[in-house]
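Chemist: Sharing a structure with you now.
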Amino acid sequence: MTSRLPFDGIRVVEYGQTTMAPYCTRLLADAGADVIKVEPPEGDMARRRGPFPGDVPDPERSGLFLLLNVNKRGACLDIATREGRKELDRLLASARVLVTDLCPREARRLRLEPRRLRRAFPQLLITSITPFGETGPYRDFRANDHVVYNMGGLAYATPGMPDHVDDPRKEPPLRPATPIAEFIAGATGATATAMGLLRQARDGCGHHVEVSAQEAVAFMLYQNVVAYSYGRLITGRLPIQMARMPNAVMPCQDGYVILAVPYDHMWKPFVALMGNPDWAHWECFRTSLLRAAHWDALYPLLLEWTMRFSGEEIMRMTQGIGLACFVAYTIDKVVRSQHEKERGFFWNLEMDRERPALVPGSPFIFSRTPLGLRRPAPKLGEHTEEILHDAAPDARPGS
Amino acid sequence: MRAPHDGKAISKRAKQATAGAHCLPLEGVRVIDFGQVVSVPFGTQLLGWMGAEVILIETGTRLLSRGNPPFAYGKESPNTSGAFNLVGTGKRSVTLNLKDPLGVAVAKTLVSTADVVAENFTTGTMEALGLGYEQLRQVRPDIVMLSLGGLGRVGPMARYASFHSGANMASGLATITGNGPNDRPRIMGSYLPDPLGGTLSCLAIVEALYHRQSTGEGQYIDFSMSDMLTHMMPEAIFDYAVNGRLPAFQGNRDRLNAPQGVYRCKGKDNWVAISVTNEQEWRGLCRALGKPALATDPRFITSKSRLANHDDLDAELGRWARSRSREEATQLLQRAGVPAGPSFTAKDLLNDPHLRARDFILSIPHPAAGRRRMLGVPWRIDGARRLKVSRAPLLGEHTDEILREILGLSAAALDELNEKKVTS
């Protein structure tokens, strides 16, 4: 076992707000990069979003900020001033990577356009994550997570297969209560940046990696693109043309389960598990496609069965015969899950509250380079002096 | 550099990109792909686009992706499945019977020449086949191996079977996705955990390759799609962890700013998304609606009061949007400085002038399926799409070629494997 992390010694400067660039660099920081988060005097907007412990607003205790910025150091610079800009430039000269999510308009105002920075810092890998990229008719559109989520197509696709809306006129395309589009853009940015580092280690050159959040979201539309490209079908939130049933979210005694029994070879063991009710052998339910066609009749019969059990009971029974059925875990179940405990997924932020401040760690586990919590998110300007003091060039690629 | 498999042009631009493939980040990296259906295949396809040589191991008698609809021209066959062909681009296909020890031996020998192995069978399957990490390390000590599962490979639920819907449910994401307080937990569209898991597993693989480059060490990566989704909902997790509070379904609304929603426009199932995040945008919205007086209406004077009276705002916006096309609504709102845009379908995206101008859409010919469009790499390098792309392989198309080229098998040996049904 070594204690080295993949991106040890790689200095990354982040100039970002809220989620896109901060999530990108959070992933790089977890992998060992020395991420320096540069914030303006008023701080990252995420510091004002919360949620806050006890609902008391405090820029040093905003949940969104604390989670997205662990494992980073922080400097506070007013880059609109000549002095602040000089210090940012000094930092950039010492860094391998810059990650920013300034939209093109803001980048122009702050004279931080990637093109300009490429000339000034030829060694630098510059990752810009913007709503629509740096070119094209939507370039300067006003956008945030909600708009990008819709213009990237994921909103129209949600709820998606095997789920669908009940009344298409009343139920709009749906967004989860988290900025998922910005997370997708940040994750895509981290992936592209990591690939850029691999290449930089070979040719020693800087590059501009230009991530469009709309494209990152659209890239996820695999199922819908396949359906249109191969079947001229517009799929998404509307009832599904290719449905096989049962495959649906259903109520049970203490919540909801997904009953995933879409294929014919699964039906027989499932019927046996239900105790071979007569109706399960009716001709109208013989195949998965027939079961989809007669779903209105089948649903109440299945509901009668699911309502006799808790979600955990249904999951245990169905998983016991190899069916991919799951309980809809509420957040408390996720945080307290024995499974996640054994995976070491949650890290404790040690926030000095009655309950441990458990927050998501890393979505993957490396066998040799275990990722972990090395430092909490920086207070505003916490490391400004030490960072400016030692803004020296870092180790060379691959060393 | 290996030439693209198809002599015919992919598209003018993709061809140019292919010509520049010498500077792709994963050039020289060989990936053995045991991926099934979407998640891992989606990720290895991206690795291939970025220059890796991806060898897909398929079993001719157990076809998952290739059996999934829709099929080109409605003709059901292993080579006409859109579900496969749009995650199979840039790969070469080898068919191997992994139930036969000889098939496993061939697979192992391929791994011994490779840098990366990726798989998403159910937990324990690779080990049972003799292809687990410990077994593969014997033949390739610095191999980077990624296993992707709905709940990962470690933990009491690791052996649970899971579709993408399972990851939606187990992560908690479904319980923060719903339209109003009485809704049920909802499933994200387009099998989101699969393509997102595929993309983010590329990050894990590249990190491990980077580590190997500087230390010579390979490693095993245990990737959980459920953990990935939980990772992307920090506000809900923190609020529970610190305040003990569980979230309620909030539809399209934001926790702090209002109004935010998706509103029905003219035409069939057309929608526009609108999101106001500050006072300037709020005044812009009132102007765009032709109702500047709304801005000073006491019900809407602060974001807090707008949140409290969100239903009234929804009614206003709903009426306004209903008589306009989503393009017209978008234009009026954007001109007034309000974040807004249409809720696009996949068809809209494939035809979107912005995405076309940015060269995001690929058009790839295939001998059994014809020319089909798909979405390409979601980033550009120095202003250009740089990727290496060729059509999806036919089933087993490269079996002989690869076994000859990489393992140095003779024609007689290939015939023998074929006769013994090892390569089927």
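Letters for chains follow the order of the structure tokens (A, B, ...), residue numbers begin at 1 for each chain, and ligand numbers begin at 1 in the order shown.
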Taking only region 53-209 of chain A into account, list the residues labelled strand (DSSP E or B) by DSSP (computed from the backbone), as a list in words.
Modeler: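 DSSP on the backbone gives strand (DSSP E or B) at Lys72, Arg73, Gly74, Ala75, Cys76, Val97, Leu98, Val99, Thr100, Leu125, Ile126, Thr127, Ser128, Ile129, Thr130, His207, His208 and Val209 of chain A.
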Chemist: Mind checking which residues fall within 8 Å of Glu60 (chain A), counting only C-alpha atoms, ignoring those fewer than 3 positions away in the same chain, and posting them as a PyMOL selection string?
Modeler: chain A and resi 47+66+379-380
Chemist: Write to file, as a PDB file, in the first residue's frame, the residues of the selection just made, with N, CA, C and O atoms.
Modeler:
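The result, written out as out_5.pdb:
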ATOM      1  N   ARG A  47     -21.461  29.799  -0.370  1.00  0.00           N
ATOM      2  CA  ARG A  47     -21.394  30.125   1.064  1.00  0.00           C
ATOM      3  C   ARG A  47     -22.699  30.725   1.575  1.00  0.00           C
ATOM      4  O   ARG A  47     -22.947  30.749   2.768  1.00  0.00           O
ATOM      5  N   LEU A  66     -19.388  23.604   2.132  1.00  0.00           N
ATOM      6  CA  LEU A  66     -18.505  22.721   2.908  1.00  0.00           C
ATOM      7  C   LEU A  66     -18.268  21.397   2.181  1.00  0.00           C
ATOM      8  O   LEU A  66     -17.175  20.842   2.208  1.00  0.00           O
ATOM      9  N   LYS A 379     -11.865  28.303   5.113  1.00  0.00           N
ATOM     10  CA  LYS A 379     -12.570  29.546   5.459  1.00  0.00           C
ATOM     11  C   LYS A 379     -12.173  30.585   4.407  1.00  0.00           C
ATOM     12  O   LYS A 379     -11.126  30.453   3.765  1.00  0.00           O
ATOM     13  N   LEU A 380     -12.998  31.616   4.258  1.00  0.00           N
ATOM     14  CA  LEU A 380     -12.715  32.613   3.223  1.00  0.00           C
ATOM     15  C   LEU A 380     -11.329  33.232   3.455  1.00  0.00           C
ATOM     16  O   LEU A 380     -11.075  33.832   4.494  1.00  0.00           O
TER      17      LEU A 380
END
Chemist: Of the candidates A:Asp278, A:Asp58, A:Asp163, A:Glu304, which shows the shortest atom-to-atom distance to chain B, using only C-alpha atoms?
Modeler: A:Asp163
Chemist: State, in Å with one decimal place, the distance from CA of Gly50 (chain A) to CA of Met228 (chain B).
Modeler: 21.5 Å
Chemist: Using DSSP on the backbone coordinates, identify the residues of region 181-215 of chain A assigned to helix (DSSP H, G or I); present them as a PyMOL selection string.
Modeler: chain A and resi 181-203+213-215
Chemist: Output C-alpha atoms for every residue in the selection just made, as an mmCIF file, in the first residue's frame.
Modeler:
data_model
loop_
_atom_site.group_PDB
_atom_site.id
_atom_site.type_symbol
_atom_site.label_atom_id
_atom_site.label_comp_id
_atom_site.auth_asym_id
_atom_site.auth_seq_id
_atom_site.Cartn_x
_atom_site.Cartn_y
_atom_site.Cartn_z
ATOM 1 C CA ALA A 181 -26.991 19.434 -14.531
ATOM 2 C CA GLU A 182 -24.173 21.349 -12.861
ATOM 3 C CA PHE A 183 -22.940 18.164 -11.206
ATOM 4 C CA ILE A 184 -22.935 16.385 -14.563
ATOM 5 C CA ALA A 185 -21.002 19.326 -16.062
ATOM 6 C CA GLY A 186 -18.507 19.274 -13.168
ATOM 7 C CA ALA A 187 -18.000 15.514 -13.411
ATOM 8 C CA THR A 188 -17.516 15.827 -17.174
ATOM 9 C CA GLY A 189 -15.056 18.663 -16.599
ATOM 10 C CA ALA A 190 -13.052 16.531 -14.171
ATOM 11 C CA THR A 191 -12.968 13.629 -16.630
ATOM 12 C CA ALA A 192 -11.814 15.868 -19.477
ATOM 13 C CA THR A 193 -9.237 17.551 -17.222
ATOM 14 C CA ALA A 194 -7.818 14.223 -16.048
ATOM 15 C CA MET A 195 -7.436 13.155 -19.675
ATOM 16 C CA GLY A 196 -5.789 16.513 -20.387
ATOM 17 C CA LEU A 197 -3.317 15.879 -17.561
ATOM 18 C CA LEU A 198 -2.431 12.500 -19.007
ATOM 19 C CA ARG A 199 -1.682 14.179 -22.288
ATOM 20 C CA GLN A 200 0.112 17.119 -20.655
ATOM 21 C CA ALA A 201 2.379 14.658 -18.870
ATOM 22 C CA ARG A 202 3.411 13.441 -22.329
ATOM 23 C CA ASP A 203 3.765 16.598 -24.375
ATOM 24 C CA ALA A 213 -22.769 22.076 -19.620
ATOM 25 C CA GLN A 214 -25.577 21.732 -22.146
ATOM 26 C CA GLU A 215 -23.525 19.188 -24.092
#
Chemist: Measuring atom to atom with only C-alpha atoms, identify which of B:Phe121, B:Phe300, B:Trp49, B:Tyr240 is nearest to chain A.
Modeler: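 Checking each of B:Phe121, B:Phe300, B:Trp49, B:Tyr240 against chain A, counting only C-alpha atoms, the winner is B:Tyr240.
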